[in-house]
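Participant: My questions all concern the structure below.
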2 protein chains.
Amino acid sequence: MRELPLINREQQVLDRIERARRRRPTVREERITLAHGAGGKATHTLIDAVFLEEFRNPLLEPLEDGARFAVDGARLAFTTDSYVVSPLFFPGGDIGDLAVNGTVNDLAVCGARPLYLSAGFILEEGFPVADLRRIAASMARAAAAAGVAIVTGDTKVVGRGKGDGCYITTAGVGVVEREGAFSAAAARPDDVVLVSGPVGEHGVTVMLARGELDISSDVTSDTAALHGLVAALLDATDGVRCLRDATRGGVATVLNEIAAASGTAVIVREEAIPVRRDVRGACELLGIDPLYVACEGRLVAVVDGAEADVALAAMRAHPLGAGAAVIGRVAEDPPGLVLLKTAFGGTRIVDMLVGDPLPRIC
Amino acid sequence: MRELPLINREQQVLDRIERARRRRPTVREERITLAHGAGGKATHTLIDAVFLEEFRNPLLEPLEDGARFAVDGARLAFTTDSYVVSPLFFPGGDIGDLAVNGTVNDLAVCGARPLYLSAGFILEEGFPVADLRRIAASMARAAAAAGVAIVTGDTKVVGRGKGDGCYITTAGVGVVEREGAFSAAAARPDDVVLVSGPVGEHGVTVMLARGELDISSDVTSDTAALHGLVAALLDATDGVRCLRDATRGGVATVLNEIAAASGTAVIVREEAIPVRRDVRGACELLGIDPLYVACEGRLVAVVDGAEADVALAAMRAHPLGAGAAVIGRVAEDPPGLVLLKTAFGGTRIVDMLVGDPLPRIC
């Protein structure tokens, strides 16, 4: 994050955005790097330049967390995520509940009630069957807790050194029972931005679980299914514009997606962002900003400003939203940018994640 | 395949099946082997003992190629497959069209019209972006040809030596517009078994493409989307009991699934099974039976015997079914077994695939 005096820079910023819009996206790298999987800038460029370019269709184009469409009058949401987290087991969860909760959450933030999941396993030769059973049991518990059923699946095995124990890809189908676009493009000036609890716990937990750093902490992953919290929020107010779960790239990346898609500015107050003390401490030692660290059970909601109190109260009344906070607001200028008001009165641009400080976090 | 005189062995066979039914499935191996991913016996045991045991629900339980359920009155099919084929590019196709066609086919054999696909990519650090673009272009062409849209996706990157270039997991949603169970359990005595064309071409192509064997051949993968062929067959007759695409484990494994699920015998005539001469030659050199080799564009259909001619004519009238043949029939005894009548007048039990002669074929 760079300190920038904003006065007289607005035209430059607008020019930069306009140039980016006109440019056909290209991947400058010849080979895939870890950054292409980090959820930040490189991931977005890769998706735009390769997948969107080739697959282009109106359902994919919004690049939301899931696609929504109607089949025979039923309004459905459909989403997928691959999970490559290392280590597979970590305090508070494992790749199994992560894979279930992640897909449940992607459906929930589309405004859908999650119903059915698929699970594709890519196992490495030599992987302990007992570990697979433990992962499957964890998936089953997470599915039962979220009220979804794992109804179809696939298992492939690759030779030693061609995988890393176990990768899981889940896809999910949900039913859209709510009216509302729930789209990053729907954010408008004077909306408020809420987060459902402290940020960065999942990412820091996984990082510390690798044991490469001499930091001990009792922080645990926040992995959780957010559909109940989303339902509570949507029951309380019609003012919800956009819902996201802040995973790879953290809250900062989600806010950038919202600013870019809606052509608004998102202005957050640093001291309003809830961060556990031990997460902040670990982040300082790691030299990373908690705003960029993955959560796996935190909702980011953009809500009509007039509904801010109602929305906050609804979140806080839910067990998974007890630590909810209004962290900022949406403004007109500078369009497409996320600004952070620091505790010291300064303003910084919060860019989308560049590089990958914490690879294979989910 | 073992030669067995069948007279006086029936009781033994029935006892064996009954014992297997009463036994709670267990994985005897402590670690995952390549055979667990081969689609044969070890895969079935792993799925029964771990995934079915943990995820158990009425939609998963039939273990068909996809799950069928209704949402808001819409009848849907939902399926997933992971693709780990090596090499990624081979004569006649690549991992991209394989991943699209495979999921389209799993929907088609559920009696569903394929609509929407998801795609999850697990890329290895260092993978050439140009290869990814080529794969995405191939997926786009296959999707367009099959009339489906790739509407949602995900990209993860793993470090060098933790993958093998590119793995893809597709999931698919289709709409069930036909009446009929289309289930392996629906096969009945006096049904006939059809296959839509020569078997084993995909598996042999991939094996030869590895270049480890000094065999040259112009055989190419049969990868194709089968939904049009399925629709032509279902338009022609109401007598279709069960549809399968013969992928991992080949036609032999599909026939064993049908015999086991329906409690019938499937009796096939060796000389009726279409096999290209060069595929047969390569299989002889490799010491494998073409009946166990994967196809990626071959339909196996079990059809009411009275509709055999109509079904065969309908298949043959479709470009993808020009080489269709009736390869056998369903009988009462011995229940749960697949028998092969050899060209020399003998009878052999065709077991489910054991081990993995051709790993990472799809």
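Chains: A, B, ... in order of the structure tokens. Residues: from 1 per chain. Ligands: from 1, in order shown.
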Pull out every residue of chain B sitting within 7 Å of chain A, counting only C-alpha atoms, and send them as a ChimeraX atom specification.
Facilitator: /B:30-34,36-37,50-51,54-55,59-60,66-67,71-74,79-82,118,120,125-129,133,136-137,140,150-159,161-164,169,171,360
Participant: Go ahead and write the residues just picked, N, CA and C atoms, as a compact mmCIF listing (two decimals), in the first residue's frame.
Facilitator:
```txt
# COMPACT_ATOMS: atom_id res chain seq x y z
N GLU B 30 -3.68 -49.67 3.45
CA GLU B 30 -3.55 -48.52 4.36
C GLU B 30 -3.30 -47.23 3.59
N ARG B 31 -2.81 -47.39 2.37
CA ARG B 31 -2.50 -46.20 1.57
C ARG B 31 -3.15 -46.29 0.18
N ILE B 32 -3.43 -45.12 -0.37
CA ILE B 32 -4.05 -45.04 -1.70
C ILE B 32 -3.06 -45.57 -2.74
N THR B 33 -3.57 -46.41 -3.64
CA THR B 33 -2.76 -46.90 -4.76
C THR B 33 -3.38 -46.40 -6.06
N LEU B 34 -2.64 -46.54 -7.15
CA LEU B 34 -3.17 -46.12 -8.44
C LEU B 34 -4.46 -46.86 -8.77
N HIS B 36 -6.89 -47.46 -6.90
CA HIS B 36 -8.05 -46.78 -6.32
C HIS B 36 -8.62 -45.72 -7.27
N GLY B 37 -7.84 -45.33 -8.27
CA GLY B 37 -8.31 -44.34 -9.22
C GLY B 37 -8.64 -44.92 -10.59
N VAL B 50 -15.59 -45.54 2.11
CA VAL B 50 -15.25 -44.22 2.66
C VAL B 50 -16.34 -43.21 2.32
N PHE B 51 -16.56 -42.97 1.04
CA PHE B 51 -17.44 -41.84 0.67
C PHE B 51 -18.92 -42.17 0.91
N GLU B 54 -19.67 -42.29 4.62
CA GLU B 54 -19.71 -40.99 5.32
C GLU B 54 -20.83 -40.09 4.78
N PHE B 55 -21.01 -40.07 3.47
CA PHE B 55 -21.92 -39.09 2.86
C PHE B 55 -23.34 -39.63 2.72
N LEU B 59 -29.75 -39.81 -2.72
CA LEU B 59 -29.38 -39.38 -4.07
C LEU B 59 -28.03 -39.92 -4.48
N LEU B 60 -27.11 -40.03 -3.52
CA LEU B 60 -25.77 -40.54 -3.82
C LEU B 60 -25.78 -42.06 -3.98
N GLY B 66 -24.44 -39.64 -12.31
CA GLY B 66 -24.86 -38.32 -11.84
C GLY B 66 -26.02 -38.50 -10.88
N ALA B 67 -26.37 -37.41 -10.19
CA ALA B 67 -27.52 -37.46 -9.28
C ALA B 67 -28.68 -36.74 -9.93
N VAL B 71 -35.87 -29.38 -8.15
CA VAL B 71 -35.81 -28.11 -7.42
C VAL B 71 -36.93 -27.24 -7.95
N ASP B 72 -37.85 -26.86 -7.07
CA ASP B 72 -38.96 -25.99 -7.49
C ASP B 72 -39.67 -26.54 -8.74
N GLY B 73 -39.84 -27.84 -8.80
CA GLY B 73 -40.55 -28.44 -9.92
C GLY B 73 -39.67 -28.75 -11.12
N ALA B 74 -38.47 -28.21 -11.16
CA ALA B 74 -37.56 -28.51 -12.28
C ALA B 74 -36.81 -29.80 -11.96
N THR B 79 -23.59 -33.65 -11.92
CA THR B 79 -22.50 -34.63 -11.96
C THR B 79 -21.16 -33.93 -11.90
N THR B 80 -20.11 -34.66 -11.56
CA THR B 80 -18.76 -34.09 -11.59
C THR B 80 -17.75 -35.16 -11.95
N ASP B 81 -16.64 -34.74 -12.55
CA ASP B 81 -15.49 -35.59 -12.81
C ASP B 81 -14.22 -34.76 -12.76
N SER B 82 -13.18 -35.36 -12.20
CA SER B 82 -11.86 -34.73 -12.24
C SER B 82 -11.06 -35.38 -13.36
N SER B 118 -19.31 -26.12 -14.78
CA SER B 118 -18.31 -25.39 -14.00
C SER B 118 -16.96 -26.01 -14.30
N GLY B 120 -13.00 -26.21 -12.51
CA GLY B 120 -11.99 -25.89 -11.50
C GLY B 120 -10.63 -26.35 -12.00
N GLU B 125 2.80 -24.62 -10.73
CA GLU B 125 3.70 -23.50 -10.96
C GLU B 125 4.64 -23.86 -12.12
N GLY B 126 4.80 -22.96 -13.07
CA GLY B 126 5.68 -23.22 -14.21
C GLY B 126 4.96 -23.73 -15.44
N PHE B 127 3.67 -24.02 -15.31
CA PHE B 127 2.91 -24.52 -16.46
C PHE B 127 2.81 -23.42 -17.51
N PRO B 128 3.08 -23.74 -18.78
CA PRO B 128 3.06 -22.69 -19.82
C PRO B 128 1.66 -22.09 -20.00
N VAL B 129 1.58 -20.77 -19.96
CA VAL B 129 0.29 -20.09 -20.15
C VAL B 129 -0.27 -20.41 -21.53
N ARG B 133 -4.00 -21.74 -22.44
CA ARG B 133 -4.86 -21.08 -23.41
C ARG B 133 -5.38 -22.11 -24.43
N ALA B 136 -8.03 -24.13 -22.75
CA ALA B 136 -9.27 -23.36 -22.60
C ALA B 136 -9.99 -23.23 -23.94
N ALA B 137 -9.22 -23.03 -25.01
CA ALA B 137 -9.83 -22.93 -26.35
C ALA B 137 -10.50 -24.24 -26.73
N ALA B 140 -13.70 -24.52 -24.85
CA ALA B 140 -14.71 -23.64 -25.42
C ALA B 140 -15.32 -24.26 -26.67
N ILE B 150 -19.90 -22.78 -20.11
CA ILE B 150 -19.10 -22.87 -18.88
C ILE B 150 -19.35 -21.57 -18.12
N VAL B 151 -20.09 -21.65 -17.02
CA VAL B 151 -20.64 -20.44 -16.41
C VAL B 151 -19.97 -20.04 -15.10
N THR B 152 -19.14 -20.91 -14.55
CA THR B 152 -18.47 -20.55 -13.30
C THR B 152 -17.21 -21.39 -13.18
N GLY B 153 -16.22 -20.88 -12.46
CA GLY B 153 -14.95 -21.60 -12.39
C GLY B 153 -14.09 -21.17 -11.24
N ASP B 154 -12.91 -21.78 -11.17
CA ASP B 154 -11.97 -21.47 -10.10
C ASP B 154 -10.58 -21.88 -10.58
N THR B 155 -9.58 -21.16 -10.12
CA THR B 155 -8.20 -21.47 -10.48
C THR B 155 -7.33 -21.50 -9.23
N LYS B 156 -6.65 -22.61 -9.02
CA LYS B 156 -5.68 -22.69 -7.94
C LYS B 156 -4.33 -23.05 -8.54
N VAL B 157 -3.26 -22.61 -7.85
CA VAL B 157 -1.91 -22.95 -8.30
C VAL B 157 -1.18 -23.65 -7.16
N VAL B 158 -0.53 -24.77 -7.48
CA VAL B 158 0.30 -25.47 -6.50
C VAL B 158 1.76 -25.39 -6.94
N GLY B 159 2.67 -25.52 -5.98
CA GLY B 159 4.09 -25.38 -6.28
C GLY B 159 4.61 -26.48 -7.19
N GLY B 161 6.21 -29.67 -8.59
CA GLY B 161 6.32 -31.01 -8.00
C GLY B 161 5.13 -31.38 -7.14
N LYS B 162 4.10 -30.52 -7.11
CA LYS B 162 2.89 -30.83 -6.34
C LYS B 162 1.68 -31.02 -7.27
N GLY B 163 1.95 -31.06 -8.57
CA GLY B 163 0.89 -31.29 -9.53
C GLY B 163 1.53 -31.90 -10.76
N ASP B 164 0.84 -31.81 -11.89
CA ASP B 164 1.44 -32.31 -13.12
C ASP B 164 0.96 -31.46 -14.29
N THR B 169 -11.33 -30.14 -12.95
CA THR B 169 -12.55 -30.78 -12.46
C THR B 169 -13.74 -30.02 -13.02
N ALA B 171 -17.97 -29.83 -13.33
CA ALA B 171 -19.27 -30.31 -12.84
C ALA B 171 -20.30 -29.81 -13.83
N ARG B 360 -4.00 -42.97 -15.20
CA ARG B 360 -4.16 -41.57 -15.63
C ARG B 360 -4.52 -41.45 -17.10
```
Participant: If you count only C-alpha atoms, which residues fall within 8 Å of Val104 of chain A, apart from same-chain ones fewer than 3 positions away, as a PyMOL selection string?
Facilitator: chain A and resi 100-101+107-108+114+146+172+225-227
Participant: Please produce a file of the residues just selected, as a JSON list (two decimals), in the first residue's frame, where the atoms kept are C-alpha atoms.
Facilitator:
```json
[["chain", "number", "residue", "atom", "x", "y", "z"],
["A", 100, "VAL", "CA", -17.93, -27.89, 1.88],
["A", 101, "ASN", "CA", -18.19, -24.51, 3.63],
["A", 107, "LEU", "CA", -23.96, -20.14, -3.08],
["A", 108, "ALA", "CA", -25.09, -18.12, -0.04],
["A", 114, "PRO", "CA", -27.47, -24.23, -0.83],
["A", 146, "ALA", "CA", -25.12, -26.65, 6.44],
["A", 172, "GLY", "CA", -22.75, -26.70, -5.57],
["A", 225, "ALA", "CA", -21.01, -22.00, 6.54],
["A", 226, "LEU", "CA", -22.42, -18.50, 6.16],
["A", 227, "HIS", "CA", -25.83, -19.28, 4.64]]
```
Participant: Identify, on the basis of only C-alpha atoms, every residue whose closest approach to Ala282 of chain A does not exceed 12 Å; exclude the query and any residue fewer than 2 positions from it along the same chain; express the result as a VMD selection string.
Facilitator: chain A and resid 200 to 201 203 to 208 213 to 219 275 to 280 284 to 290 293
Participant: For a test of reading the model, state the distance in Å between atom CA of Pro274 of chain A and atom CA of Val199 of chain A, rounded to one decimal.
Facilitator: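 Distance between the two atoms: 6.3 Å.
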Participant: From segment 34-232 of chain A, collect each residue whose DSSP state is strand (DSSP E) and return the set as number ranges by chain.
Facilitator: A: 67-71, 74-83, 89-90, 93-94, 112-124, 149-158, 166-176, 192-195
Participant: Let's have the selection written as an mmCIF file, in the first residue's frame, with C-alpha atoms.
Facilitator:
```
data_model
loop_
_atom_site.group_PDB
_atom_site.id
_atom_site.type_symbol
_atom_site.label_atom_id
_atom_site.label_comp_id
_atom_site.auth_asym_id
_atom_site.auth_seq_id
_atom_site.Cartn_x
_atom_site.Cartn_y
_atom_site.Cartn_z
ATOM 1 C CA ALA A 67 -23.629 -18.188 -11.762
ATOM 2 C CA ARG A 68 -27.393 -17.727 -11.569
ATOM 3 C CA PHE A 69 -29.827 -19.028 -14.171
ATOM 4 C CA ALA A 70 -33.339 -20.420 -14.494
ATOM 5 C CA VAL A 71 -34.192 -23.979 -15.528
ATOM 6 C CA ALA A 74 -36.602 -22.798 -11.077
ATOM 7 C CA ARG A 75 -34.055 -20.102 -10.242
ATOM 8 C CA LEU A 76 -30.719 -21.732 -9.517
ATOM 9 C CA ALA A 77 -27.206 -20.797 -8.471
ATOM 10 C CA PHE A 78 -24.184 -22.907 -9.435
ATOM 11 C CA THR A 79 -20.598 -22.547 -8.251
ATOM 12 C CA THR A 80 -17.305 -24.416 -7.901
ATOM 13 C CA ASP A 81 -14.021 -24.145 -6.007
ATOM 14 C CA SER A 82 -10.903 -26.288 -5.888
ATOM 15 C CA TYR A 83 -9.110 -26.742 -2.560
ATOM 16 C CA PHE A 89 -5.409 -30.476 8.735
ATOM 17 C CA PHE A 90 -5.090 -27.265 10.764
ATOM 18 C CA GLY A 93 -10.697 -27.321 10.382
ATOM 19 C CA ASP A 94 -9.311 -29.301 7.484
ATOM 20 C CA ALA A 112 -29.197 -18.796 -2.899
ATOM 21 C CA ARG A 113 -30.130 -21.514 -0.432
ATOM 22 C CA PRO A 114 -27.465 -24.229 -0.830
ATOM 23 C CA LEU A 115 -28.919 -27.658 -1.652
ATOM 24 C CA TYR A 116 -26.605 -30.156 -3.327
ATOM 25 C CA LEU A 117 -22.839 -30.554 -3.573
ATOM 26 C CA SER A 118 -20.518 -32.592 -5.764
ATOM 27 C CA ALA A 119 -17.013 -33.587 -4.702
ATOM 28 C CA GLY A 120 -14.089 -34.511 -6.958
ATOM 29 C CA PHE A 121 -11.011 -35.949 -5.241
ATOM 30 C CA ILE A 122 -7.512 -35.982 -6.721
ATOM 31 C CA LEU A 123 -5.472 -38.244 -4.455
ATOM 32 C CA GLU A 124 -1.733 -38.842 -4.514
ATOM 33 C CA ALA A 149 -26.155 -33.300 0.687
ATOM 34 C CA ILE A 150 -23.089 -34.478 -1.229
ATOM 35 C CA VAL A 151 -24.891 -36.263 -4.047
ATOM 36 C CA THR A 152 -22.267 -37.069 -6.672
ATOM 37 C CA GLY A 153 -18.508 -37.385 -6.827
ATOM 38 C CA ASP A 154 -15.386 -38.678 -8.498
ATOM 39 C CA THR A 155 -12.026 -40.040 -7.387
ATOM 40 C CA LYS A 156 -8.793 -39.909 -9.346
ATOM 41 C CA VAL A 157 -5.336 -41.007 -8.236
ATOM 42 C CA VAL A 158 -2.054 -39.536 -9.496
ATOM 43 C CA CYS A 166 -5.411 -34.713 -1.453
ATOM 44 C CA TYR A 167 -7.011 -32.006 -3.574
ATOM 45 C CA ILE A 168 -10.771 -31.542 -3.509
ATOM 46 C CA THR A 169 -13.015 -29.712 -5.953
ATOM 47 C CA THR A 170 -16.570 -29.131 -4.814
ATOM 48 C CA ALA A 171 -19.370 -27.702 -6.909
ATOM 49 C CA GLY A 172 -22.750 -26.696 -5.575
ATOM 50 C CA VAL A 173 -26.312 -26.105 -6.698
ATOM 51 C CA GLY A 174 -28.649 -23.842 -4.760
ATOM 52 C CA VAL A 175 -32.080 -22.343 -5.213
ATOM 53 C CA VAL A 176 -32.455 -18.566 -5.431
ATOM 54 C CA VAL A 192 -22.033 1.048 3.885
ATOM 55 C CA VAL A 193 -19.602 -1.848 3.993
ATOM 56 C CA LEU A 194 -19.897 -4.419 6.779
ATOM 57 C CA VAL A 195 -17.734 -7.341 7.722
#
```
Participant: Between atom CA of Leu243 of chain B and atom CA of Thr26 of chain B, what is the distance in Å, rounded to a tenth?
Facilitator: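 Atom CA of Leu243 of chain B sits 28.6 Å away from atom CA of Thr26 of chain B.
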Participant: Can you list, as a ChimeraX atom specification, every protein, DNA or RNA residue that comes within 12 Å of segment 310-316 of chain A when you count only C-alpha atoms, leaving out same-chain residues fewer than 2 positions away?
Facilitator: /A:191-197,226-241,298-308,318-327
Participant: Mind listing the helix (DSSP H, G or I) residues of segment 177-348 of chain A, per DSSP on the backbone, as a PyMOL selection string?
Facilitator: chain A and resi 184-186+201-209+227-236+250-262+270-272+277-286+290-292+305-316+319-321
Participant: With a distance cut-off of 12 Å and only C-alpha atoms, select the neighbouring residues of Leu340 of chain B, excluding the residue or stretch itself and same-chain residues fewer than 3 positions from it, and output the selection as a PyMOL selection string.
Facilitator: chain B and resi 1-4+6+252+255-256+265-273+291+327-330+337+343-351
Participant: Just N, CA and C atoms for this one: save the residues we selected as a CSV table (one decimal), in the first residue's frame.
Facilitator:
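Okay, result21.csv is ready:
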```csv
chain,number,residue,atom,x,y,z
B,1,MET,N,-9.1,-62.5,-16.7
B,1,MET,CA,-10.3,-63.3,-16.9
B,1,MET,C,-9.9,-64.8,-16.8
B,2,ARG,N,-10.7,-65.5,-16.0
B,2,ARG,CA,-10.3,-66.9,-15.8
B,2,ARG,C,-11.3,-67.8,-16.5
B,3,GLU,N,-10.8,-68.9,-17.0
B,3,GLU,CA,-11.7,-69.9,-17.6
B,3,GLU,C,-12.4,-70.7,-16.5
B,4,LEU,N,-13.7,-70.8,-16.5
B,4,LEU,CA,-14.4,-71.5,-15.4
B,4,LEU,C,-15.4,-72.4,-16.0
B,6,LEU,N,-18.8,-73.7,-15.8
B,6,LEU,CA,-19.9,-73.1,-15.0
B,6,LEU,C,-20.8,-74.1,-14.4
B,252,ALA,N,-16.1,-53.5,-19.8
B,252,ALA,CA,-16.2,-54.7,-18.8
B,252,ALA,C,-16.7,-54.2,-17.4
B,255,LEU,N,-20.4,-53.2,-17.6
B,255,LEU,CA,-21.2,-54.3,-17.6
B,255,LEU,C,-21.3,-55.0,-16.2
B,256,ASN,N,-20.2,-55.0,-15.5
B,256,ASN,CA,-20.2,-55.5,-14.1
B,256,ASN,C,-21.1,-54.6,-13.2
B,265,ALA,N,-27.5,-61.5,-14.9
B,265,ALA,CA,-26.2,-61.8,-15.6
B,265,ALA,C,-26.2,-61.1,-16.9
B,266,VAL,N,-25.0,-60.6,-17.3
B,266,VAL,CA,-24.8,-60.0,-18.6
B,266,VAL,C,-23.9,-60.9,-19.4
B,267,ILE,N,-24.4,-61.4,-20.5
B,267,ILE,CA,-23.7,-62.4,-21.3
B,267,ILE,C,-23.3,-61.7,-22.6
B,268,VAL,N,-22.0,-61.6,-22.9
B,268,VAL,CA,-21.6,-60.9,-24.1
B,268,VAL,C,-20.9,-61.9,-25.0
B,269,ARG,N,-21.0,-61.7,-26.3
B,269,ARG,CA,-20.3,-62.5,-27.3
B,269,ARG,C,-19.0,-61.8,-27.7
B,270,GLU,N,-17.9,-62.5,-27.5
B,270,GLU,CA,-16.6,-61.9,-27.8
B,270,GLU,C,-16.6,-61.3,-29.2
B,271,GLU,N,-17.0,-62.1,-30.2
B,271,GLU,CA,-16.8,-61.7,-31.6
B,271,GLU,C,-17.8,-60.6,-32.0
B,272,ALA,N,-18.8,-60.2,-31.1
B,272,ALA,CA,-19.7,-59.1,-31.4
B,272,ALA,C,-19.1,-57.8,-31.0
B,273,ILE,N,-18.1,-57.8,-30.1
B,273,ILE,CA,-17.6,-56.5,-29.6
B,273,ILE,C,-16.7,-55.8,-30.6
B,291,LEU,N,-11.6,-54.8,-23.6
B,291,LEU,CA,-12.8,-54.6,-22.8
B,291,LEU,C,-12.6,-53.8,-21.6
B,327,ILE,N,-23.9,-56.4,-28.4
B,327,ILE,CA,-22.8,-57.2,-28.0
B,327,ILE,C,-23.2,-58.3,-27.1
B,328,GLY,N,-24.5,-58.2,-26.6
B,328,GLY,CA,-24.8,-59.3,-25.7
B,328,GLY,C,-26.3,-59.1,-25.2
B,329,ARG,N,-26.6,-59.9,-24.1
B,329,ARG,CA,-27.9,-59.9,-23.6
B,329,ARG,C,-27.9,-60.0,-22.1
B,330,VAL,N,-29.0,-59.7,-21.5
B,330,VAL,CA,-29.2,-59.9,-20.0
B,330,VAL,C,-29.9,-61.2,-19.8
B,337,LEU,N,-23.1,-61.5,-12.4
B,337,LEU,CA,-21.9,-61.8,-13.1
B,337,LEU,C,-22.0,-61.4,-14.6
B,343,ALA,N,-15.0,-66.8,-28.9
B,343,ALA,CA,-15.1,-67.2,-30.3
B,343,ALA,C,-14.9,-68.7,-30.4
B,344,PHE,N,-14.3,-69.3,-29.4
B,344,PHE,CA,-14.0,-70.8,-29.5
B,344,PHE,C,-15.0,-71.6,-28.7
B,345,GLY,N,-16.1,-71.0,-28.3
B,345,GLY,CA,-17.2,-71.7,-27.7
B,345,GLY,C,-17.0,-71.8,-26.2
B,346,GLY,N,-16.0,-71.2,-25.6
B,346,GLY,CA,-15.9,-71.2,-24.1
B,346,GLY,C,-16.6,-70.1,-23.5
B,347,THR,N,-16.7,-70.2,-22.1
B,347,THR,CA,-17.3,-69.1,-21.4
B,347,THR,C,-16.4,-68.7,-20.3
B,348,ARG,N,-16.2,-67.4,-20.1
B,348,ARG,CA,-15.3,-66.9,-19.1
B,348,ARG,C,-16.1,-65.8,-18.3
B,349,ILE,N,-15.7,-65.8,-17.0
B,349,ILE,CA,-16.2,-64.7,-16.2
B,349,ILE,C,-15.4,-63.4,-16.5
B,350,VAL,N,-16.1,-62.3,-16.8
B,350,VAL,CA,-15.4,-61.0,-17.0
B,350,VAL,C,-15.6,-60.3,-15.7
B,351,ASP,N,-14.5,-60.2,-14.9
B,351,ASP,CA,-14.6,-59.6,-13.6
B,351,ASP,C,-14.5,-58.1,-13.8
```
Participant: Nearest to Gly211 of chain A among A:Thr223, A:Thr342, A:Pro357, A:Pro87, with distances taken over only C-alpha atoms: which residue is it?
Facilitator: A:Pro87
Participant: For the atom pair atom CA of Pro335 of chain B and atom CA of Ser183 of chain B, what is the interatomic distance in Å to one decimal place?
Facilitator: 16.8 Å
